[in-house]
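Peer 1: Below is the file entry_34.cif, which contains mmCIF, C-alpha atoms and all ligand atoms; chains and numbers go by the auth columns.
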data_query
#
loop_
_atom_site.group_PDB
_atom_site.id
_atom_site.type_symbol
_atom_site.label_atom_id
_atom_site.label_comp_id
_atom_site.label_asym_id
_atom_site.label_seq_id
_atom_site.Cartn_x
_atom_site.Cartn_y
_atom_site.Cartn_z
_atom_site.B_iso_or_equiv
_atom_site.auth_seq_id
_atom_site.auth_asym_id
ATOM 1 C CA MET A 1 -18.567 -4.253 -19.186 0.00 1 A
ATOM 2 C CA GLY A 2 -16.120 -2.343 -17.024 0.00 2 A
ATOM 3 C CA GLU A 3 -16.711 0.988 -18.716 0.00 3 A
ATOM 4 C CA THR A 4 -19.973 1.739 -16.905 0.00 4 A
ATOM 5 C CA GLN A 5 -18.303 1.051 -13.569 0.00 5 A
ATOM 6 C CA ALA A 6 -15.445 3.440 -14.264 0.00 6 A
ATOM 7 C CA SER A 7 -17.606 6.506 -13.648 0.00 7 A
ATOM 8 C CA VAL A 8 -18.435 5.432 -10.083 0.00 8 A
ATOM 9 C CA PRO A 9 -15.997 6.701 -7.402 0.00 9 A
ATOM 10 C CA THR A 10 -13.259 4.138 -6.711 0.00 10 A
ATOM 11 C CA THR A 11 -13.892 3.788 -2.972 0.00 11 A
ATOM 12 C CA ARG A 12 -17.537 2.944 -3.648 0.00 12 A
ATOM 13 C CA ILE A 13 -16.594 0.422 -6.341 0.00 13 A
ATOM 14 C CA SER A 14 -14.062 -1.364 -4.196 0.00 14 A
ATOM 15 C CA THR A 15 -16.389 -1.957 -1.226 0.00 15 A
ATOM 16 C CA PHE A 16 -19.256 -2.999 -3.493 0.00 16 A
ATOM 17 C CA VAL A 17 -17.041 -5.184 -5.667 0.00 17 A
ATOM 18 C CA LEU A 18 -15.430 -6.770 -2.614 0.00 18 A
ATOM 19 C CA ALA A 19 -18.839 -7.643 -1.158 0.00 19 A
ATOM 20 C CA VAL A 20 -19.985 -9.161 -4.462 0.00 20 A
ATOM 21 C CA VAL A 21 -16.680 -10.986 -4.927 0.00 21 A
ATOM 22 C CA PHE A 22 -16.785 -12.561 -1.480 0.00 22 A
ATOM 23 C CA LEU A 23 -20.424 -13.540 -1.949 0.00 23 A
ATOM 24 C CA THR A 24 -19.597 -15.125 -5.320 0.00 24 A
ATOM 25 C CA LEU A 25 -16.616 -16.869 -3.787 0.00 25 A
ATOM 26 C CA ALA A 26 -18.726 -18.295 -0.953 0.00 26 A
ATOM 27 C CA ILE A 27 -21.474 -19.487 -3.344 0.00 27 A
ATOM 28 C CA SER A 28 -18.877 -20.970 -5.707 0.00 28 A
ATOM 29 C CA PHE A 29 -17.205 -22.898 -2.895 0.00 29 A
ATOM 30 C CA ALA A 30 -20.597 -24.137 -1.711 0.00 30 A
ATOM 31 C CA ALA A 31 -21.385 -25.239 -5.286 0.00 31 A
ATOM 32 C CA LEU A 32 -18.033 -27.052 -5.503 0.00 32 A
ATOM 33 C CA ILE A 33 -18.528 -28.860 -2.206 0.00 33 A
ATOM 34 C CA PHE A 34 -22.127 -29.738 -3.036 0.00 34 A
ATOM 35 C CA GLY A 35 -21.090 -30.879 -6.521 0.00 35 A
ATOM 36 C CA ILE A 36 -18.410 -33.177 -5.112 0.00 36 A
ATOM 37 C CA ASN A 37 -20.917 -34.585 -2.606 0.00 37 A
ATOM 38 C CA ILE A 38 -23.546 -35.484 -5.219 0.00 38 A
ATOM 39 C CA LEU A 39 -21.023 -36.607 -7.859 0.00 39 A
ATOM 40 C CA GLU A 40 -21.858 -40.283 -7.312 0.00 40 A
ATOM 41 C CA GLN A 41 -25.640 -39.930 -7.230 0.00 41 A
ATOM 42 C CA ASN A 42 -26.225 -37.292 -9.882 0.00 42 A
ATOM 43 C CA THR A 43 -23.234 -36.915 -12.161 0.00 43 A
ATOM 44 C CA GLU A 44 -24.800 -34.447 -14.597 0.00 44 A
ATOM 45 C CA ALA A 45 -25.965 -31.981 -11.936 0.00 45 A
ATOM 46 C CA ALA A 46 -22.687 -32.429 -10.097 0.00 46 A
ATOM 47 C CA TRP A 47 -20.651 -31.450 -13.162 0.00 47 A
ATOM 48 C CA ILE A 48 -22.803 -28.382 -13.750 0.00 48 A
ATOM 49 C CA LEU A 49 -22.274 -27.359 -10.123 0.00 49 A
ATOM 50 C CA LEU A 50 -18.539 -27.988 -10.365 0.00 50 A
ATOM 51 C CA MET A 51 -18.340 -25.959 -13.570 0.00 51 A
ATOM 52 C CA PHE A 52 -20.204 -23.056 -11.980 0.00 52 A
ATOM 53 C CA GLY A 53 -18.059 -23.363 -8.889 0.00 53 A
ATOM 54 C CA PHE A 54 -14.770 -23.234 -10.794 0.00 54 A
ATOM 55 C CA PHE A 55 -16.038 -20.405 -12.978 0.00 55 A
ATOM 56 C CA GLY A 56 -17.167 -18.420 -9.931 0.00 56 A
ATOM 57 C CA VAL A 57 -13.886 -18.908 -8.097 0.00 57 A
ATOM 58 C CA ALA A 58 -11.896 -17.933 -11.193 0.00 58 A
ATOM 59 C CA ILE A 59 -13.958 -14.798 -11.846 0.00 59 A
ATOM 60 C CA SER A 60 -13.973 -13.627 -8.246 0.00 60 A
ATOM 61 C CA THR A 61 -10.239 -14.140 -7.736 0.00 61 A
ATOM 62 C CA TYR A 62 -9.578 -12.300 -10.999 0.00 62 A
ATOM 63 C CA VAL A 63 -11.747 -9.356 -9.937 0.00 63 A
ATOM 64 C CA LEU A 64 -10.173 -9.402 -6.487 0.00 64 A
ATOM 65 C CA PHE A 65 -6.681 -9.143 -7.953 0.00 65 A
ATOM 66 C CA GLN A 66 -7.776 -6.345 -10.289 0.00 66 A
ATOM 67 C CA THR A 67 -9.271 -4.282 -7.450 0.00 67 A
ATOM 68 C CA ARG A 68 -6.265 -4.922 -5.248 0.00 68 A
ATOM 69 C CA ARG A 69 -3.970 -3.681 -7.983 0.00 69 A
ATOM 70 C CA ARG A 70 -6.109 -0.580 -8.406 0.00 70 A
ATOM 71 C CA LEU A 71 -6.144 0.057 -4.648 0.00 71 A
ATOM 72 C CA SER A 72 -2.381 -0.289 -4.337 0.00 72 A
ATOM 73 C CA LYS A 73 -1.989 2.266 -7.120 0.00 73 A
ATOM 74 C CA LEU A 74 -4.067 4.726 -5.097 0.00 74 A
ATOM 75 C CA LYS A 75 -1.954 4.257 -1.985 0.00 75 A
ATOM 76 C CA ILE A 76 -0.387 7.541 -0.911 0.00 76 A
ATOM 77 C CA VAL A 77 3.370 7.444 -0.738 0.00 77 A
ATOM 78 C CA VAL A 78 4.517 8.776 2.614 0.00 78 A
ATOM 79 C CA PRO A 79 7.378 11.216 2.111 0.00 79 A
ATOM 80 C CA PRO A 80 10.554 10.327 3.995 0.00 80 A
ATOM 81 C CA VAL A 81 11.477 12.058 7.236 0.00 81 A
ATOM 82 C CA THR A 82 14.905 13.638 7.236 0.00 82 A
ATOM 83 C CA THR A 83 17.119 14.759 10.067 0.00 83 A
ATOM 84 C CA THR A 84 19.485 17.695 9.784 0.00 84 A
ATOM 85 C CA ILE A 85 22.589 17.562 11.949 0.00 85 A
ATOM 86 C CA GLU A 86 24.815 20.598 12.346 0.00 86 A
ATOM 87 C CA CYS A 87 28.235 21.150 13.790 0.00 87 A
ATOM 88 C CA LYS A 88 28.309 24.200 16.014 0.00 88 A
ATOM 89 C CA LYS A 89 32.032 24.614 15.611 0.00 89 A
ATOM 90 C CA CYS A 90 32.502 24.609 11.841 0.00 90 A
ATOM 91 C CA ASN A 91 28.877 24.858 10.677 0.00 91 A
ATOM 92 C CA PHE A 92 29.159 21.610 8.767 0.00 92 A
ATOM 93 C CA LYS A 93 25.693 20.362 7.883 0.00 93 A
ATOM 94 C CA ASN A 94 24.689 16.773 7.329 0.00 94 A
ATOM 95 C CA VAL A 95 21.271 15.606 6.160 0.00 95 A
ATOM 96 C CA ARG A 96 20.343 11.989 6.599 0.00 96 A
ATOM 97 C CA GLU A 97 17.309 9.763 6.902 0.00 97 A
ATOM 98 C CA PHE A 98 15.446 9.969 10.194 0.00 98 A
ATOM 99 C CA GLN A 99 16.469 7.314 12.669 0.00 99 A
ATOM 100 C CA ARG A 100 14.573 6.067 15.675 0.00 100 A
ATOM 101 C CA GLY A 101 15.312 8.109 18.776 0.00 101 A
ATOM 102 C CA ASP A 102 16.198 11.276 16.877 0.00 102 A
ATOM 103 C CA TYR A 103 15.028 14.495 18.464 0.00 103 A
ATOM 104 C CA ILE A 104 15.927 18.146 18.089 0.00 104 A
ATOM 105 C CA PHE A 105 19.042 19.242 20.037 0.00 105 A
ATOM 106 C CA LYS A 106 20.079 15.653 20.583 0.00 106 A
ATOM 107 C CA GLU A 107 23.784 15.028 20.217 0.00 107 A
ATOM 108 C CA GLY A 108 24.337 13.241 16.970 0.00 108 A
ATOM 109 C CA GLU A 109 27.379 11.652 15.415 0.00 109 A
ATOM 110 C CA THR A 110 30.776 13.351 15.400 0.00 110 A
ATOM 111 C CA CYS A 111 31.568 15.965 12.767 0.00 111 A
ATOM 112 C CA GLN A 112 33.306 14.701 9.676 0.00 112 A
ATOM 113 C CA LYS A 113 35.468 17.810 9.506 0.00 113 A
ATOM 114 C CA CYS A 114 36.503 18.625 13.051 0.00 114 A
ATOM 115 C CA ASN A 115 35.487 15.565 15.089 0.00 115 A
ATOM 116 C CA GLU A 116 33.290 17.706 17.334 0.00 116 A
ATOM 117 C CA LYS A 117 29.922 16.362 18.503 0.00 117 A
ATOM 118 C CA MET A 118 27.155 17.500 16.184 0.00 118 A
ATOM 119 C CA LEU A 119 23.627 18.563 17.144 0.00 119 A
ATOM 120 C CA ILE A 120 20.342 17.628 15.500 0.00 120 A
ATOM 121 C CA THR A 121 18.827 20.939 14.469 0.00 121 A
ATOM 122 C CA ALA A 122 15.832 19.890 12.409 0.00 122 A
ATOM 123 C CA ILE A 123 13.586 16.932 11.776 0.00 123 A
ATOM 124 C CA TYR A 124 11.099 17.296 8.959 0.00 124 A
ATOM 125 C CA ARG A 125 9.079 15.465 6.422 0.00 125 A
ATOM 126 C CA GLU A 126 10.137 16.100 2.854 0.00 126 A
ATOM 127 C CA VAL A 127 7.128 17.115 0.790 0.00 127 A
ATOM 128 C CA LYS A 128 8.021 17.546 -2.846 0.00 128 A
ATOM 129 C CA GLU A 129 5.194 19.938 -3.708 0.00 129 A
ATOM 130 C CA LYS A 130 6.335 22.370 -1.024 0.00 130 A
ATOM 131 C CA GLU A 131 9.849 22.327 -2.428 0.00 131 A
ATOM 132 C CA LYS A 132 8.478 23.114 -5.878 0.00 132 A
ATOM 133 C CA THR A 133 6.607 26.211 -4.675 0.00 133 A
ATOM 134 C CA LYS A 134 9.689 27.278 -2.753 0.00 134 A
ATOM 135 C CA THR A 135 11.872 27.207 -5.850 0.00 135 A
ATOM 136 C CA ALA A 136 9.205 28.937 -7.949 0.00 136 A
ATOM 137 C CA PHE A 137 9.016 31.732 -5.415 0.00 137 A
HETATM 138 ZN ZN ZN B . 32.647 20.452 12.696 0.00 1 B
#
Go ahead and render the structure in this file as structure tokens.
Ligand SMILES: [Zn+2]
Peer 2:
Amino acid sequence: MGETQASVPTTRISTFVLAVVFLTLAISFAALIFGINILEQNTEAAWILLMFGFFGVAISTYVLFQTRRRLSKLKIVVPPVTTTIECKKCNFKNVREFQRGDYIFKEGETCQKCNEKMLITAIYREVKEKEKTKTAF
């Protein structure tokens, strides 16, 4: 069943599937509520409605979880931002994770070697592909 859908672009699938899933979910809930309401008058029809309702809810939640899993896989991982701090006196360099309020030429923490105030010299986003081409060059 799923094989024919695989050829369709993922973004298209997800919006279409989500629409169908929510429609199925709404109809299933309506069937459940209606089934419960007529349970005393028409037991046979009520059970059929309840069965369809449960089946619909189960199917749509299953599909929803599957699409969500697929979407989370596609999520782009944002590379971390790093801050380079340098000591002007002894040229000691320290690279750490970017912290809120960091800006270039801001006075950072004290130097580990000479206790002098260090300066932030660079803030950049680490992109792994760029590093690869750099080393290949
Ligand atoms: Zn230093």
Peer 1: Taking only C-alpha atoms and all ligand atoms into account, which residues have an atom no farther than 10 Å from ligand ZN 1 (chain B)? I'd like them as a PyMOL selection string.
Peer 2: chain A and resi 86-93+110-118
Peer 1: Could you write those residues out with C-alpha atoms, as a short mmCIF file (atom, residue, chain, number, x, y, z; two decimals), keeping the file's coordinate frame?
Peer 2:
data_model
loop_
_atom_site.label_atom_id
_atom_site.label_comp_id
_atom_site.auth_asym_id
_atom_site.auth_seq_id
_atom_site.Cartn_x
_atom_site.Cartn_y
_atom_site.Cartn_z
CA GLU A 86 24.82 20.60 12.35
CA CYS A 87 28.24 21.15 13.79
CA LYS A 88 28.31 24.20 16.01
CA LYS A 89 32.03 24.61 15.61
CA CYS A 90 32.50 24.61 11.84
CA ASN A 91 28.88 24.86 10.68
CA PHE A 92 29.16 21.61 8.77
CA LYS A 93 25.69 20.36 7.88
CA THR A 110 30.78 13.35 15.40
CA CYS A 111 31.57 15.96 12.77
CA GLN A 112 33.31 14.70 9.68
CA LYS A 113 35.47 17.81 9.51
CA CYS A 114 36.50 18.62 13.05
CA ASN A 115 35.49 15.56 15.09
CA GLU A 116 33.29 17.71 17.33
CA LYS A 117 29.92 16.36 18.50
CA MET A 118 27.16 17.50 16.18
#
Peer 1: Each residue of stretch 43-99 of chain A with at least one atom at most 10 Å from stretch 17-23 of chain A should appear once, together with its nearest atom pair and the corresponding distance in Å (one decimal); atoms considered: all atoms listed in the file; ordering: chain, then increasing residue number; output as a tab-separated table.
Peer 2:
residue	atom	partner	partner_atom	distance
A:Gly56	CA	A:Val21	CA	9.0
A:Val57	CA	A:Val21	CA	9.0
A:Ile59	CA	A:Val21	CA	8.4
A:Ser60	CA	A:Val21	CA	5.0
A:Thr61	CA	A:Val21	CA	7.7
A:Tyr62	CA	A:Val21	CA	9.4
A:Val63	CA	A:Val21	CA	7.2
A:Leu64	CA	A:Val21	CA	6.9
A:Thr67	CA	A:Val17	CA	8.0
A:Arg68	CA	A:Leu18	CA	9.7
Peer 1: Report the distance between atom CA of A:Ile33 and atom CA of A:Leu49 in Å, rounded to one decimal place.
Peer 2: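 Pair atom CA of A:Ile33 / atom CA of A:Leu49 returns 8.9 Å.
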Peer 1: What gap, in Å, lies between atom CA of A:Gln66 and atom CA of A:Met51?
Peer 2: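 Distance between the two atoms: 22.5 Å.
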Peer 1: Of the candidates A:Thr24, A:Ile123, A:Thr43, A:Phe52, which shows the shortest atom-to-atom distance to A:Thr82, using only C-alpha atoms?
Peer 2: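 Under the stated criterion, the closest residue is A:Ile123.
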Peer 1: What does the distance from atom CA of A:Thr121 to atom CA of A:Glu97 come to in Å, to one decimal?
Peer 2: 13.6 Å
Peer 1: Pull out every residue that the PyMOL selection byres (((chain A and resi 50) around 12) and not hetatm) matches in the shown coordinates and put them as a ChimeraX atom specification.
Peer 2: /A:27-39,43-49,51-57
Peer 1: With C-alpha atoms retained, write the just-selected residues as a PDB file, in the coordinates of the input.
Peer 2:
ATOM      1  CA  ILE A  27     -21.474 -19.487  -3.344  1.00  0.00           C
ATOM      2  CA  SER A  28     -18.877 -20.970  -5.707  1.00  0.00           C
ATOM      3  CA  PHE A  29     -17.205 -22.898  -2.895  1.00  0.00           C
ATOM      4  CA  ALA A  30     -20.597 -24.137  -1.711  1.00  0.00           C
ATOM      5  CA  ALA A  31     -21.385 -25.239  -5.286  1.00  0.00           C
ATOM      6  CA  LEU A  32     -18.033 -27.052  -5.503  1.00  0.00           C
ATOM      7  CA  ILE A  33     -18.528 -28.860  -2.206  1.00  0.00           C
ATOM      8  CA  PHE A  34     -22.127 -29.738  -3.036  1.00  0.00           C
ATOM      9  CA  GLY A  35     -21.090 -30.879  -6.521  1.00  0.00           C
ATOM     10  CA  ILE A  36     -18.410 -33.177  -5.112  1.00  0.00           C
ATOM     11  CA  ASN A  37     -20.917 -34.585  -2.606  1.00  0.00           C
ATOM     12  CA  ILE A  38     -23.546 -35.484  -5.219  1.00  0.00           C
ATOM     13  CA  LEU A  39     -21.023 -36.607  -7.859  1.00  0.00           C
ATOM     14  CA  THR A  43     -23.234 -36.915 -12.161  1.00  0.00           C
ATOM     15  CA  GLU A  44     -24.800 -34.447 -14.597  1.00  0.00           C
ATOM     16  CA  ALA A  45     -25.965 -31.981 -11.936  1.00  0.00           C
ATOM     17  CA  ALA A  46     -22.687 -32.429 -10.097  1.00  0.00           C
ATOM     18  CA  TRP A  47     -20.651 -31.450 -13.162  1.00  0.00           C
ATOM     19  CA  ILE A  48     -22.803 -28.382 -13.750  1.00  0.00           C
ATOM     20  CA  LEU A  49     -22.274 -27.359 -10.123  1.00  0.00           C
ATOM     21  CA  MET A  51     -18.340 -25.959 -13.570  1.00  0.00           C
ATOM     22  CA  PHE A  52     -20.204 -23.056 -11.980  1.00  0.00           C
ATOM     23  CA  GLY A  53     -18.059 -23.363  -8.889  1.00  0.00           C
ATOM     24  CA  PHE A  54     -14.770 -23.234 -10.794  1.00  0.00           C
ATOM     25  CA  PHE A  55     -16.038 -20.405 -12.978  1.00  0.00           C
ATOM     26  CA  GLY A  56     -17.167 -18.420  -9.931  1.00  0.00           C
ATOM     27  CA  VAL A  57     -13.886 -18.908  -8.097  1.00  0.00           C
TER      28      VAL A  57
END
Peer 1: Compare A:Val78, A:Ala122, A:Ala26, A:Ala58 by their minimum atom-to-atom distance to A:Tyr103, counting only C-alpha atoms, and give me the closest one.
Peer 2: A:Ala122
Peer 1: Can you spell out as a PyMOL selection string the set of residues that the PyMOL selection byres (((chain A and resi 126) around 6) and not hetatm) selects in the structure I just provided?
Peer 2: chain A and resi 79-80+125+127
Peer 1: Here is a test: counting all atoms listed in the file, which residue of A:Leu25, A:Val77, A:Tyr124, A:Thr15 is nearest to A:Phe98?
Peer 2: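 So, comparing all the options, the nearest one is A:Tyr124.
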